[in-house]
>>> print(open('run.txt').read())   # compact mmCIF, C-alpha atoms and all ligand atoms
# COMPACT_ATOMS: atom_id res chain seq x y z
CA MET B 12 -13.26 -22.18 29.24
CA THR B 13 -15.35 -20.90 26.33
CA PHE B 14 -14.53 -22.46 22.98
CA ILE B 15 -13.09 -19.88 20.54
CA SER B 16 -13.02 -20.94 16.91
CA ALA B 17 -9.80 -20.19 15.02
CA ALA B 18 -11.74 -18.94 11.99
CA ALA B 19 -13.75 -16.48 14.09
CA ALA B 20 -10.63 -15.22 15.85
CA LEU B 21 -8.88 -14.69 12.50
CA ALA B 22 -11.85 -12.79 11.12
CA ALA B 23 -11.75 -10.55 14.18
CA VAL B 24 -8.06 -9.66 13.83
CA GLY B 25 -8.04 -9.09 10.08
CA HIS B 26 -7.70 -12.53 8.48
CA ILE B 27 -3.97 -13.06 9.09
CA ALA B 28 -2.41 -13.51 12.52
CA ARG B 29 0.46 -15.05 14.38
CA THR B 30 -0.15 -18.04 16.63
CA GLY B 31 0.58 -15.98 19.74
CA GLU B 32 -2.12 -13.47 18.84
CA LEU B 33 -4.67 -16.25 18.34
CA ARG B 34 -3.65 -17.97 21.56
CA ALA B 35 -4.06 -14.67 23.39
CA ARG B 36 -7.64 -14.58 22.13
CA GLY B 37 -8.33 -18.00 23.59
CA VAL B 38 -7.75 -20.24 20.57
CA THR B 39 -6.19 -23.51 21.69
CA THR B 40 -3.41 -25.40 19.92
CA ARG B 41 -5.84 -28.28 19.37
CA GLU B 42 -8.37 -25.93 17.74
CA LEU B 43 -5.66 -24.49 15.44
CA ALA B 44 -4.74 -27.99 14.29
CA ARG B 45 -8.36 -29.01 13.87
CA ALA B 46 -9.34 -25.90 11.89
CA SER B 47 -6.26 -26.19 9.69
CA ASN B 48 -6.94 -29.86 8.92
CA ALA B 49 -10.59 -29.08 8.21
CA GLY B 50 -9.65 -26.31 5.75
CA GLU B 51 -11.34 -23.63 7.86
CA ILE B 52 -8.07 -21.71 8.13
CA ARG B 53 -4.77 -21.80 6.22
CA ARG B 54 -1.26 -22.14 7.58
CA VAL B 55 0.73 -19.39 5.81
CA ARG B 56 4.07 -20.35 7.31
CA ARG B 57 5.30 -21.51 10.69
CA GLY B 58 3.45 -19.55 13.35
CA VAL B 59 1.22 -17.62 10.94
CA TYR B 60 -2.36 -18.47 9.97
CA ALA B 61 -4.94 -16.93 7.64
CA GLY B 62 -8.64 -17.23 7.03
CA ALA B 63 -9.64 -19.64 4.28
CA ARG B 64 -10.86 -16.84 1.99
CA THR B 65 -7.97 -14.42 2.48
CA ASP B 66 -6.92 -12.53 -0.64
CA ASP B 67 -4.02 -14.33 -2.36
CA GLY B 68 -1.95 -11.14 -2.57
CA MET B 69 -2.24 -10.72 1.19
CA LEU B 70 -1.25 -14.36 1.69
CA HIS B 71 1.76 -13.98 -0.58
CA ALA B 72 2.88 -10.82 1.22
CA ALA B 73 2.52 -12.61 4.58
CA GLU B 74 4.65 -15.49 3.30
CA HIS B 75 7.38 -12.90 2.74
CA GLY B 76 6.80 -11.43 6.20
CA GLY B 77 5.06 -8.28 4.99
CA SER B 78 1.79 -6.81 3.81
CA VAL B 79 0.58 -5.63 0.42
CA SER B 80 1.74 -2.16 -0.51
CA CYS B 81 2.12 0.43 -3.23
CA THR B 82 -0.50 0.60 -6.02
CA THR B 83 -2.18 -2.65 -4.88
CA ALA B 84 -2.67 -1.27 -1.37
CA GLY B 85 -3.81 2.05 -2.87
CA ARG B 86 -6.51 0.29 -4.84
CA MET B 87 -7.63 -1.59 -1.69
CA LEU B 88 -7.82 1.72 0.18
CA GLY B 89 -10.06 3.16 -2.52
CA LEU B 90 -7.47 5.49 -4.06
CA TRP B 91 -7.59 6.36 -7.74
CA ILE B 92 -4.91 4.16 -9.30
CA LEU B 93 -4.18 4.98 -12.93
CA GLN B 94 -1.54 2.36 -13.50
CA GLU B 95 -0.65 -0.64 -11.34
CA ALA B 96 3.04 -1.18 -10.67
CA ALA B 97 4.23 -4.47 -12.16
CA GLY B 98 4.90 -7.46 -9.90
CA MET B 99 4.39 -8.04 -6.20
CA HIS B 100 5.14 -5.04 -3.96
CA LEU B 101 5.15 -5.51 -0.21
CA TRP B 102 5.71 -3.40 2.88
CA LEU B 103 7.98 -4.50 5.70
CA GLY B 104 7.71 -1.44 7.88
CA ARG B 105 11.01 0.22 8.72
CA GLU B 106 12.95 -2.81 9.88
CA GLY B 107 11.08 -5.95 8.82
CA ASN B 108 12.93 -8.95 7.40
CA LEU B 109 12.20 -10.08 3.87
CA ARG B 110 11.61 -13.84 3.92
CA ARG B 111 11.61 -16.27 1.03
CA CYS B 112 8.31 -17.67 -0.12
CA THR B 113 7.74 -21.15 -1.55
CA ARG B 114 6.17 -19.99 -4.84
CA SER B 115 7.97 -20.55 -8.10
CA ARG B 116 9.29 -17.64 -10.19
CA CYS B 117 8.60 -15.11 -7.48
CA ALA B 118 9.99 -11.60 -7.80
CA VAL B 119 9.04 -9.03 -5.20
CA ARG B 120 9.76 -5.35 -4.65
CA ALA B 121 10.06 -4.62 -0.96
CA HIS B 122 9.33 -1.22 0.57
CA TRP B 123 10.93 -0.23 3.85
CA ASP B 124 9.50 3.05 5.04
CA ASP B 125 8.53 4.47 8.42
CA GLY B 126 6.23 2.46 10.63
CA ASP B 127 5.77 -1.05 11.97
CA GLY B 128 4.39 -3.49 9.43
CA VAL B 129 1.61 -5.76 10.67
CA LEU B 130 0.80 -8.97 8.81
CA GLY B 131 -2.49 -8.67 6.96
CA ARG B 132 -2.79 -4.91 7.49
CA ILE B 133 -2.54 -2.42 4.66
CA PRO B 134 0.05 0.32 5.37
CA PRO B 135 -1.17 3.80 6.32
CA VAL B 136 -2.31 5.94 3.38
CA ARG B 137 0.70 8.26 3.65
CA ASN B 138 3.10 5.32 3.37
CA VAL B 139 1.19 3.97 0.40
CA LEU B 140 1.55 7.35 -1.33
CA VAL B 141 5.31 7.39 -0.79
CA GLN B 142 5.50 3.87 -2.21
CA ILE B 143 3.45 4.89 -5.25
CA ALA B 144 5.76 7.88 -5.77
CA GLU B 145 8.72 5.49 -5.80
CA CYS B 146 7.25 2.96 -8.23
CA ALA B 147 4.75 4.79 -10.46
CA GLY B 148 4.81 7.97 -12.52
CA GLU B 149 3.92 11.48 -11.42
CA GLU B 150 0.44 11.19 -12.91
CA THR B 151 -0.42 8.01 -10.98
CA PHE B 152 1.02 9.51 -7.79
CA PHE B 153 -0.97 12.72 -8.22
CA ALA B 154 -4.25 10.91 -8.93
CA ALA B 155 -3.78 8.74 -5.81
CA LEU B 156 -2.86 11.77 -3.69
CA GLU B 157 -5.80 13.89 -4.77
CA SER B 158 -8.27 11.03 -4.41
CA ALA B 159 -6.96 10.51 -0.83
CA LEU B 160 -7.53 14.21 -0.11
CA ARG B 161 -11.04 14.13 -1.58
CA GLN B 162 -11.90 11.23 0.76
CA SER B 163 -10.36 12.96 3.79
CA LEU B 164 -7.89 10.12 4.24
CA LEU B 165 -4.99 12.46 5.01
CA HIS B 166 -4.44 14.63 8.10
CA PRO B 167 -2.48 17.90 7.71
CA SER B 168 0.35 16.21 9.63
CA ASP B 169 0.40 13.49 6.96
CA LEU B 170 1.02 16.15 4.29
CA ARG B 171 3.95 17.52 6.30
CA TRP B 172 5.24 13.94 6.69
CA LEU B 173 4.93 13.42 2.94
CA ALA B 174 6.76 16.68 2.20
CA ARG B 175 9.73 15.42 4.24
CA ARG B 176 9.92 12.12 2.39
CA LEU B 177 9.01 12.85 -1.21
CA PRO B 178 11.62 13.89 -3.77
CA ARG B 179 11.76 17.67 -4.08
CA ASP B 180 10.59 17.61 -7.68
CA LEU B 181 7.26 16.07 -6.58
CA HIS B 182 6.54 18.78 -3.98
CA TRP B 183 4.68 20.92 -6.50
CA LEU B 184 2.14 18.10 -6.86
CA LEU B 185 1.53 18.25 -3.09
CA ALA B 186 0.75 21.95 -3.48
CA PHE B 187 -1.39 21.44 -6.58
CA ALA B 188 -3.59 18.64 -5.16
CA ARG B 189 -6.90 19.80 -3.70
CA ALA B 190 -9.42 18.18 -1.42
CA ASP B 191 -12.26 20.27 -2.85
CA ALA B 192 -11.64 19.55 -6.53
CA ASP B 193 -14.74 18.61 -8.54
CA SER B 194 -15.34 14.97 -7.58
CA ARG B 195 -16.93 14.31 -10.99
CA SER B 196 -13.65 14.88 -12.81
CA PRO B 197 -10.81 12.40 -12.38
CA PRO B 198 -7.71 13.85 -10.68
CA ASP B 199 -5.44 13.02 -13.61
CA GLY B 200 -7.85 14.89 -15.90
CA ARG B 201 -7.41 18.04 -13.80
CA LEU B 202 -3.65 17.62 -13.90
CA ARG B 203 -3.62 17.20 -17.66
CA ALA B 204 -5.94 20.18 -18.12
CA CYS B 205 -3.54 22.32 -16.14
CA CYS B 206 -0.31 20.87 -17.51
CA PRO B 207 -1.02 19.27 -20.90
CA TRP B 208 2.68 18.86 -21.49
CA LEU B 209 3.13 16.71 -18.37
CA ILE B 210 3.35 13.12 -19.51
CA THR B 211 3.14 12.00 -23.08
CA GLY B 212 4.33 8.57 -24.11
CA GLU B 213 8.03 8.14 -23.49
CA THR B 214 8.54 11.62 -22.17
CA ARG B 215 8.24 12.56 -18.54
CA MET B 216 8.48 16.16 -17.56
CA ARG B 217 9.37 17.43 -14.14
CA ARG B 218 8.87 20.93 -12.91
CA ARG B 219 10.52 22.86 -10.17
CA VAL B 220 9.17 26.09 -8.85
CA ARG B 221 11.70 28.58 -7.59
CA SER B 222 10.79 32.08 -6.45
CA GLY B 223 7.57 32.00 -8.39
CA HIS B 224 9.21 30.91 -11.66
CA ALA B 225 8.56 27.50 -13.12
CA VAL B 226 11.63 25.64 -14.33
CA LEU B 227 10.92 22.68 -16.55
CA ARG B 228 13.18 19.73 -16.98
CA ILE B 229 12.54 16.97 -19.51
CA ARG B 230 13.83 13.49 -18.89
CA LEU B 231 13.73 10.85 -21.57
CA ARG B 232 13.31 7.30 -20.32
ZN ZN T 1 6.14 -0.27 -5.12
ZN ZN T 2 6.96 -14.76 -3.25
>>> encode(input="run.txt", output="structure tokens")
Amino acid sequence: MTFISAAAALAAVGHIARTGELRARGVTTRELARASNAGEIRRVRRGVYAGARTDDGMLHAAEHGGSVSCTTAGRMLGLWILQEAAGMHLWLGREGNLRRCTRSRCAVRAHWDDGDGVLGRIPPVRNVLVQIAECAGEETFFAALESALRQSLLHPSDLRWLARRLPRDLHWLLAFARADADSRSPPDGRLRACCPWLITGETRMRRRVRSGHAVLRIRLR
């Protein structure tokens, strides 16, 4: 039988994998032990291994049984992220179990939204946008959304999916975002140019459009 190195198999599957997945690729139990002892791979938790150079955020998420999400995942996907959400945010798919990690002073924000979470895999762009809408402001959400459109990362069906899951008062941003906006200007700049009243300091403003009339509602944080 051909020797399959654990490190090579991990690199092929995305740097984090369960033992069963590695065994299915021909990695033996002896090779897993050898590579782990030699520091070529890392044991994340029982039955889960990672490549030696795996991003620490991905490792931490895998310790909890999930993958990185929200603004961190958006940045990894190349979205325009104005403001990172504080703390560790992870995705567990729709029904994943949140596990404890062994790190001290750990506080995580878990996202459960549609889909099956896979260890080491960033959630789909549409999920990441829903997560950003939950944890960041309208401006950050809009900038991420429009940058995804500009890079053709969203299918029309994804926009319909988003419309079903986003709060109603964010729907106008879905309509305002454009794939063909001038790529030289940042998305948030276009939003501010259109709606200079939108977000200033402690004030967040939300807008609802009904029958062609804009209704503005101010919420003080
Ligand atoms: Zn989040
Ligand atoms: Zn943790």
>>> closest_residue(input="run.txt", among="B:Leu165, B:Asn138, B:Ser16, B:Ala118", to="B:Arg41", atoms="only C-alpha atoms")
B:Ser16
>>> closest_residue(input="run.txt", among="B:Arg116, B:His122, B:Arg29, B:Arg45", to="ligand ZN 2 (chain T)", atoms="only C-alpha atoms and all ligand atoms")
B:Arg116
>>> residues_around(input="run.txt", residues="B:Thr39", least_positions_apart="6", cutoff="9 Å", atoms="all atoms listed in the file", output="list of chain:residue names")
B:Phe14, B:Ile15, B:Ser16, B:Ala17, B:Leu33
>>> write_last_selection(input="run.txt", atoms="C-alpha atoms", output="mmCIF file, in the frame of the given file")
data_model
loop_
_atom_site.group_PDB
_atom_site.id
_atom_site.type_symbol
_atom_site.label_atom_id
_atom_site.label_comp_id
_atom_site.auth_asym_id
_atom_site.auth_seq_id
_atom_site.Cartn_x
_atom_site.Cartn_y
_atom_site.Cartn_z
ATOM 1 C CA PHE B 14 -14.530 -22.460 22.980
ATOM 2 C CA ILE B 15 -13.090 -19.880 20.540
ATOM 3 C CA SER B 16 -13.020 -20.940 16.910
ATOM 4 C CA ALA B 17 -9.800 -20.190 15.020
ATOM 5 C CA LEU B 33 -4.670 -16.250 18.340
#
>>> residues_around(input="run.txt", residues="stretch 148-163 of chain B", least_positions_apart="6", cutoff="7 Å", atoms="all atoms listed in the file", output="ChimeraX atom specification")
/B:90-94,140,184,188-191,198-199
>>> closest_residue(input="run.txt", among="B:His166, B:His75, B:Arg34, B:Arg86", to="B:Leu109", atoms="only C-alpha atoms")
B:His75
>>> atom_distance(input="run.txt", atom1="atom CA of B:Arg120", atom2="atom CA of B:Ser80")
9.6 Å
>>> closest_residue(input="run.txt", among="B:Asp127, B:Asp169, B:Glu106, B:Glu95", to="ligand ZN 1 (chain T)", atoms="all atoms listed in the file")
B:Glu95
>>> closest_residue(input="run.txt", among="B:Ala96, B:Ile27, B:Leu43, B:Cys117", to="ligand ZN 2 (chain T)", atoms="only C-alpha atoms and all ligand atoms")
B:Cys117
>>> closest_atom_pairs(input="run.txt", of="chain B", to="ligand ZN 2 (chain T)", cutoff="6 Å", atoms="only C-alpha atoms and all ligand atoms", output="tab-separated table")
residue	atom	partner	partner_atom	distance
B:His71	CA	T:ZN2	ZN	5.9
B:Cys112	CA	T:ZN2	ZN	4.5
B:Arg114	CA	T:ZN2	ZN	5.5
B:Cys117	CA	T:ZN2	ZN	4.6
>>> closest_residue(input="run.txt", among="B:Val139, B:Met69, B:Cys146, B:Ala84", to="ligand ZN 1 (chain T)", atoms="only C-alpha atoms and all ligand atoms")
B:Cys146
